[in-house]
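All remarks here apply to the structure that follows.
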Amino acid sequence: MPWTTVQVEKLGNFFITGDHTGDRVLTYRDALHEALDQFLARDPRVFIMGEGVDDVAGVFGTTKGLKEKYGANRVFDTPIAENSMTGIAAGAAMAGLRPVLIHARMDFLLLSLDQLVNHASKWCYMFGGKVPVPMVVRTISARGWGSGAQHSQCIQGMLMNVPGLKIVAPATPYDAKGLMISAIIDNNPVLFVEHRWLHKTTGYVPEEVYSIPIGKGMIHRKGEDITIVAVSYMLVEALKAAEKLREEGISAEVIDPRTLKPFDEKLLLESVGKTGRLLVADTGCKTGSVASEIAAIAAEKAFHVLRKPVRRVCCPDTPTPTSDVLEKAFYPTADDIFAEAVKLVKE
Amino acid sequence: MDKSKWIEVYRTMKLIRLVEQRINDEYKYDEIKTPIHLSIGQEAVAAGVCIHLRKDDYIFGTHRSHSQYIAKGGDIKKMIAELYLRKTGCARGRGGSMHLVDPDVGILGSSAIVGGNIPLGTGTALASKLLGNDRVTVVFFGDGAADEGTFHESLNFAALKKLPVVYVCENNFYAINSHQLSRQVGDNIHKWAQGYGMPGYQVDGNDVLEVSDYAEKAISRCRRGEGPTLIECLTYRWKGHIGTVDDVGEGYRPKEEYDYWVSRCPIKRFAEFLKSRGVLTAELEKSIDREIYELIEDAFRFAQSSPKPSPDELLDFVYAE
């Protein structure tokens with residue numbers, strides 16, 4: 001069993017309520033699998049490529065069995081050449097196909113930045129809108145079990161600075177399916193940010209095909225005293241923190257932006273307008289993070305309503321350590337969000 | 001190459017040469033506000049390859065791609081308008097000389113990152129395979145691109161998947177002022193092909209008939225579903241890397257080397273051949289020149305009189321609808 005599977009299997013199921021109702025419960029992983037399965041079935045332009053996508057593990061189960069169902073032309077393994085594979089997917093998109101390219105670690109995405117940033121993301125603008133590049137790049141961040149500095153990065157903040165690239169980071173099974181479908185039908189390169197610790201999260205997911213608009217966040221929990229914006233896996237920690245804050249008499253509003261770029265500023269500003277306090281939790285290192293950008297939006301557009309300075313809860317600016325002791329010190333949890341929120345509200 | 005295509009190829013080479021000479025002449029007026037990379041001296045490669053392509057085949061070029069755009073049948077008016085960064089340009093003034101595009105004839109863009117276009121062309125070839133059509137892609141690049149990982153990664157993948165792509169290396173020996181032999185062990189580019197499992201050839205890139213023969217075979221091979229080919233064409237750019245300077249002499253390219261290559265002018269050579277066969281008469285030569293002259297006049301008039309983009313269009317096209 002791959003080491004990350006060992007770690008994730010140890011996690012308890014986190015059942016996400018509030019974003020959808022129904023009686024059909026799926027894991028995040030199975031929701032992704034269902035979206036891919038349904039779109040391979042209904043759109044012949046869709047295909048999946050990436051390192052190991054057709055092996056028995058099937059990218060943590062998200063592509064398992066799809067090669068057997070749709071054939072080796074639609075779901076195929078690639079050489080370990082992230083940059084060119086990204087460009088090859090982009091070229092196929094330019095010729096009218098809808099590739100879903102998978103980097104099983106976000107760290108590997110760094111090898112592909114020339115094709116992603118210099119080419120795929122700029123092509124539409126650089127050629128006056130004549131050649132769109134409709135592609136999805138799935139990228140998965142790991143955490144824990146000694147993943148270390150090169151197998152656990154969350155560099156979504158770095159990629160916020162790339163014009164032409166859309167970035168989504170769903171945190172719930174419902175959003176994972178809906179945003180995967182939106183990403184496939186979008187006519188632009190969409191970076192689909194996943195976190196390994198979300199794959200086992202469960203929630204209500206309808207069987208039918210549905211999409212979630214790119215650029216729209218949602219309020220997961222309504223509150224009055226403080227706004228907590230949580231990116232990707234930090235939603236799980238933020239929801240736990242909000243429950244603890246309630247016991248402390250603090251009413252926290254928890255927002256999941258779902259799309260990081262273009263960002264849903266309206267939702268953020270309305271919430272901060274109500275609470276006057278903002279805490280942003282991100283899975284990445286602090287400097288230049290998505291949290292930094294959200295804090296900057298608040299400083300620019302909500303300064304007059306802020307009652308306290310904005311707080312960011314992120315990883316520190318160090319590479320990820322491998323020692324389990326240092327790892328524990330490195331990653332922020334619900335307790336950190338709780339402690340910062342209490343300071344913001346009570347001090 | 002079939003005899004019936006000789007004059008068409010000659011005309012294409014002449015068109016490339018005269019368009020670029022005109023660009024060269026106009027550049028000093030500072031109205032073409034974009035870096036230009038001229039291919040004067042290299043015309044036989046684009047012309048000899050593209051003569052065998054259909055309108056729906058794809059090409060991907062580089063920062064030095066005027067010749068390929070013209071040879072593939074790109075719209076000349078829109079090209080010149082793009083150099084003048086006008087709203088009527090092929091990329092609506094967003095791209096400039098290094099980013100020419102004409103999807104109607106399979107030109108899906110060109111990249112100014114060395115080697116950056118190689119995966120993209122490999123990707124359109126993958127699309128042809130997955131869609132089950134026989135459209136071929138040609139990727140043009142220089143000797144500098146053979147330094148890049150994208151060259152090696154893409155060739156490996158194309159051979160593995162038997163993709164309908166022809167890799168055409170225009171080896172003009174220089175990456176800016178850096179000679180090939182200061183970057184590679186030498187004479188190796190076409191030999192990489194064998195290691196990756198595809199045919200590789202080195203041809204005289206200033207002999208349009210030789211270029212054409214190898215390109216024709218490679219393109220037919222693609223159409224038959226037999227996979228990619230690498231063709232290294234030895235050629236020489238008369239101009240410096242960028243702009244209208246020559247980069248010859250002290251600290252630059254040796255004068256003797258430059259003179260040797262100018263004496264092997266691909267257009268002069270082919271014209272002499274056509275004359276020796278009685279195919280190109282003085283009268284036909286003049287009429288081709290006249291027709292090209294008018295086409296160029298039209299294109300520059302169109303470009304110079306076209307509107308520039310307005311500032312309120314700045315944010316258009318960041319995302320496709």
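Ordered as shown in the structure tokens, chains take letters A, B, and onward, while each chain numbers its residues from 1 and ligands are numbered from 1 in the order shown.
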* To do: At a cut-off of 10 Å, list the chain A residues touching chain B, using only C-alpha atoms, as a ChimeraX atom specification.
  => /A:44-45,47,73-74,78-99,114-115,118-134,163-166,186-189
* Asked: In region 109-333 of chain A, what's helix (DSSP H, G or I) per DSSP? Answer as a PyMOL selection string?
  -> chain A and resi 109-120+123-126+156-159+173-185+196-198+234-247+265-275+290-301+303-305+324-330
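Comparing A:Glu265, A:Glu237, A:Glu51, A:Asp107 by their smallest distance to Pro319 (chain A), the closest is A:Asp107 (using only C-alpha atoms).
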* To do: Figure out the distance between CA of Ile7 (chain B) and CA of Gln21 (chain B), please, to one decimal in Å.
  => 20.7 Å
* Pick out the residues sitting within 12 Å of Gly186 (chain B), and hand them over as a VMD selection string; count only C-alpha atoms, and ignore anything fewer than 3 positions along from it in its own chain. => chain B and resid 143 146 to 147 171 173 179 to 183 189 to 192
So that I have them on file, write out the residues from the current selection with N, CA, C and O atoms, as a PDB file, in the first residue's frame.
```pdb
ATOM      1  N   ASP B 143      18.480  25.056 -34.044  1.00  0.00           N
ATOM      2  CA  ASP B 143      19.448  24.175 -33.382  1.00  0.00           C
ATOM      3  C   ASP B 143      19.460  24.411 -31.883  1.00  0.00           C
ATOM      4  O   ASP B 143      19.733  23.496 -31.103  1.00  0.00           O
ATOM      5  N   ALA B 146      17.315  22.109 -29.763  1.00  0.00           N
ATOM      6  CA  ALA B 146      17.797  20.749 -29.478  1.00  0.00           C
ATOM      7  C   ALA B 146      18.547  20.697 -28.151  1.00  0.00           C
ATOM      8  O   ALA B 146      18.836  19.618 -27.631  1.00  0.00           O
ATOM      9  N   ASP B 147      18.856  21.874 -27.585  1.00  0.00           N
ATOM     10  CA  ASP B 147      19.436  21.923 -26.232  1.00  0.00           C
ATOM     11  C   ASP B 147      18.361  21.671 -25.167  1.00  0.00           C
ATOM     12  O   ASP B 147      18.672  21.317 -24.031  1.00  0.00           O
ATOM     13  N   ASN B 171      18.719  24.249 -38.747  1.00  0.00           N
ATOM     14  CA  ASN B 171      20.001  24.440 -38.069  1.00  0.00           C
ATOM     15  C   ASN B 171      20.789  25.537 -38.775  1.00  0.00           C
ATOM     16  O   ASN B 171      21.425  25.294 -39.799  1.00  0.00           O
ATOM     17  N   PHE B 173      23.091  27.158 -37.092  1.00  0.00           N
ATOM     18  CA  PHE B 173      24.347  27.108 -36.318  1.00  0.00           C
ATOM     19  C   PHE B 173      24.466  28.089 -35.154  1.00  0.00           C
ATOM     20  O   PHE B 173      25.396  28.001 -34.366  1.00  0.00           O
ATOM     21  N   HIS B 179      27.590  29.677 -30.932  1.00  0.00           N
ATOM     22  CA  HIS B 179      27.675  28.656 -31.983  1.00  0.00           C
ATOM     23  C   HIS B 179      27.222  27.298 -31.460  1.00  0.00           C
ATOM     24  O   HIS B 179      27.410  26.990 -30.273  1.00  0.00           O
ATOM     25  N   GLN B 180      26.668  26.494 -32.324  1.00  0.00           N
ATOM     26  CA  GLN B 180      26.198  25.149 -31.956  1.00  0.00           C
ATOM     27  C   GLN B 180      27.286  24.352 -31.228  1.00  0.00           C
ATOM     28  O   GLN B 180      27.021  23.651 -30.256  1.00  0.00           O
ATOM     29  N   LEU B 181      28.521  24.490 -31.708  1.00  0.00           N
ATOM     30  CA  LEU B 181      29.597  23.676 -31.136  1.00  0.00           C
ATOM     31  C   LEU B 181      30.003  24.121 -29.725  1.00  0.00           C
ATOM     32  O   LEU B 181      30.717  23.409 -29.025  1.00  0.00           O
ATOM     33  N   SER B 182      29.531  25.288 -29.306  1.00  0.00           N
ATOM     34  CA  SER B 182      29.795  25.678 -27.915  1.00  0.00           C
ATOM     35  C   SER B 182      28.672  25.177 -27.000  1.00  0.00           C
ATOM     36  O   SER B 182      28.741  25.323 -25.789  1.00  0.00           O
ATOM     37  N   ARG B 183      27.630  24.564 -27.604  1.00  0.00           N
ATOM     38  CA  ARG B 183      26.489  24.088 -26.815  1.00  0.00           C
ATOM     39  C   ARG B 183      26.254  22.589 -26.957  1.00  0.00           C
ATOM     40  O   ARG B 183      25.598  21.972 -26.133  1.00  0.00           O
ATOM     41  N   ILE B 189      22.309  16.508 -34.080  1.00  0.00           N
ATOM     42  CA  ILE B 189      20.857  16.725 -33.941  1.00  0.00           C
ATOM     43  C   ILE B 189      20.054  15.629 -34.642  1.00  0.00           C
ATOM     44  O   ILE B 189      19.182  15.000 -34.034  1.00  0.00           O
ATOM     45  N   HIS B 190      20.359  15.356 -35.891  1.00  0.00           N
ATOM     46  CA  HIS B 190      19.567  14.342 -36.626  1.00  0.00           C
ATOM     47  C   HIS B 190      19.768  12.942 -36.047  1.00  0.00           C
ATOM     48  O   HIS B 190      18.932  12.070 -36.186  1.00  0.00           O
ATOM     49  N   LYS B 191      20.918  12.758 -35.368  1.00  0.00           N
ATOM     50  CA  LYS B 191      21.214  11.415 -34.824  1.00  0.00           C
ATOM     51  C   LYS B 191      20.378  11.091 -33.589  1.00  0.00           C
ATOM     52  O   LYS B 191      20.193   9.925 -33.253  1.00  0.00           O
ATOM     53  N   TRP B 192      19.876  12.132 -32.922  1.00  0.00           N
ATOM     54  CA  TRP B 192      19.017  11.870 -31.761  1.00  0.00           C
ATOM     55  C   TRP B 192      17.832  10.992 -32.167  1.00  0.00           C
ATOM     56  O   TRP B 192      17.353  10.171 -31.395  1.00  0.00           O
TER      57      TRP B 192
END
```
Rows by chain and residue number, region 120-176 of chain A within 9 Å of region 285-306 of chain A, shortest pair, only C-alpha atoms, as JSON lines:
```
{"residue": "A:Gln153", "atom": "CA", "partner": "A:Cys285", "partner_atom": "CA", "distance": 8.5}
{"residue": "A:Cys154", "atom": "CA", "partner": "A:Cys285", "partner_atom": "CA", "distance": 7.5}
{"residue": "A:Ile155", "atom": "CA", "partner": "A:Ser289", "partner_atom": "CA", "distance": 7.9}
{"residue": "A:Gln156", "atom": "CA", "partner": "A:Val290", "partner_atom": "CA", "distance": 6.9}
{"residue": "A:Gly157", "atom": "CA", "partner": "A:Ser289", "partner_atom": "CA", "distance": 4.1}
{"residue": "A:Met158", "atom": "CA", "partner": "A:Gly288", "partner_atom": "CA", "distance": 6.7}
{"residue": "A:Met160", "atom": "CA", "partner": "A:Val290", "partner_atom": "CA", "distance": 7.2}
```
Output file for the selection above: all heavy atoms, as a short mmCIF file (atom, residue, chain, number, x, y, z; two decimals), in the first residue's frame:
```
data_model
loop_
_atom_site.label_atom_id
_atom_site.label_comp_id
_atom_site.auth_asym_id
_atom_site.auth_seq_id
_atom_site.Cartn_x
_atom_site.Cartn_y
_atom_site.Cartn_z
N GLN A 153 4.15 20.01 -1.22
CA GLN A 153 3.98 21.45 -1.37
C GLN A 153 2.56 21.83 -1.81
O GLN A 153 1.91 21.07 -2.51
CB GLN A 153 4.97 21.99 -2.41
CG GLN A 153 6.40 21.89 -1.96
CD GLN A 153 7.36 22.27 -3.06
OE1 GLN A 153 7.64 23.43 -3.29
NE2 GLN A 153 7.87 21.27 -3.77
N CYS A 154 2.15 23.02 -1.37
CA CYS A 154 0.87 23.60 -1.79
C CYS A 154 1.18 24.96 -2.40
O CYS A 154 1.19 25.97 -1.71
CB CYS A 154 -0.06 23.75 -0.59
SG CYS A 154 -0.48 22.19 0.19
N ILE A 155 1.48 24.96 -3.70
CA ILE A 155 2.00 26.18 -4.33
C ILE A 155 0.94 26.97 -5.09
O ILE A 155 1.26 27.76 -5.97
CB ILE A 155 3.16 25.84 -5.29
CG1 ILE A 155 2.70 24.81 -6.32
CG2 ILE A 155 4.38 25.34 -4.53
CD1 ILE A 155 3.51 24.82 -7.60
N GLN A 156 -0.34 26.76 -4.71
CA GLN A 156 -1.39 27.49 -5.43
C GLN A 156 -1.21 29.00 -5.36
O GLN A 156 -1.55 29.72 -6.31
CB GLN A 156 -2.78 27.08 -4.94
CG GLN A 156 -3.08 27.33 -3.48
CD GLN A 156 -2.65 26.18 -2.57
OE1 GLN A 156 -1.99 25.26 -3.02
NE2 GLN A 156 -3.01 26.23 -1.30
N GLY A 157 -0.61 29.48 -4.26
CA GLY A 157 -0.39 30.92 -4.11
C GLY A 157 0.52 31.45 -5.22
O GLY A 157 0.29 32.50 -5.81
N MET A 158 1.57 30.69 -5.51
CA MET A 158 2.52 31.05 -6.56
C MET A 158 1.81 31.22 -7.92
O MET A 158 2.14 32.09 -8.70
CB MET A 158 3.51 29.89 -6.66
CG MET A 158 4.82 30.18 -7.29
SD MET A 158 5.73 28.62 -7.53
CE MET A 158 6.47 28.34 -5.95
N MET A 160 -1.29 32.06 -8.47
CA MET A 160 -2.30 33.13 -8.53
C MET A 160 -1.83 34.25 -9.45
O MET A 160 -2.60 35.04 -9.95
CB MET A 160 -2.54 33.72 -7.13
CG MET A 160 -3.20 32.79 -6.17
SD MET A 160 -4.94 32.53 -6.54
CE MET A 160 -5.64 34.01 -5.78
#
```
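Inside region 212-312 of chain B, the residues DSSP reads as strand (DSSP E or B) when given the backbone are Thr229, Leu230, Ile231, Glu232, Cys233, Leu234, Val248 and Arg253 of chain B.
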* Quick one: residues within 8 Å of region 43-51 of chain B, only C-alpha atoms counted, chain neighbours fewer than 5 positions away excluded, as a ChimeraX atom specification? -> /B:5,9,12-13,16-17,67-68,71-72,170,205-209,211-212,215-216,233,266-267
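Look at Arg237 (chain B): the protein and nucleic acid residues within 6 Å of it, using only C-alpha atoms and passing over chain neighbours fewer than 3 places away, are Ser39, Ile40, Gly41 and Gln42 of chain B.
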Output for the residues just chosen: N, CA, C and O atoms as a compact mmCIF listing (two decimals), in the first residue's frame:
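As written to disk, again.txt reads:
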```
# COMPACT_ATOMS: atom_id res chain seq x y z
N SER B 39 14.35 35.60 -41.52
CA SER B 39 14.88 34.31 -41.99
C SER B 39 15.47 34.41 -43.37
O SER B 39 15.53 33.42 -44.09
N ILE B 40 15.88 35.61 -43.77
CA ILE B 40 16.48 35.76 -45.10
C ILE B 40 17.67 34.81 -45.21
O ILE B 40 18.54 34.80 -44.34
N GLY B 41 17.67 33.99 -46.24
CA GLY B 41 18.71 32.96 -46.41
C GLY B 41 18.21 31.56 -46.07
O GLY B 41 18.81 30.56 -46.45
N GLN B 42 17.10 31.48 -45.30
CA GLN B 42 16.59 30.17 -44.84
C GLN B 42 15.29 29.78 -45.55
O GLN B 42 14.61 28.84 -45.11
```
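Omitting Ala193 (chain B) and its sequence neighbours fewer than 4 positions away, and counting only C-alpha atoms, the residues within 8 Å are B:Leu155, B:Ile189, B:Gly197, B:Met198, B:Pro199, B:Gly200, B:Thr229, B:Leu230.
Counting only C-alpha atoms and comparing B:Leu85, B:His241, B:Thr235, B:Arg224, the residue that lies closest to Ile36 (chain B) is B:His241.
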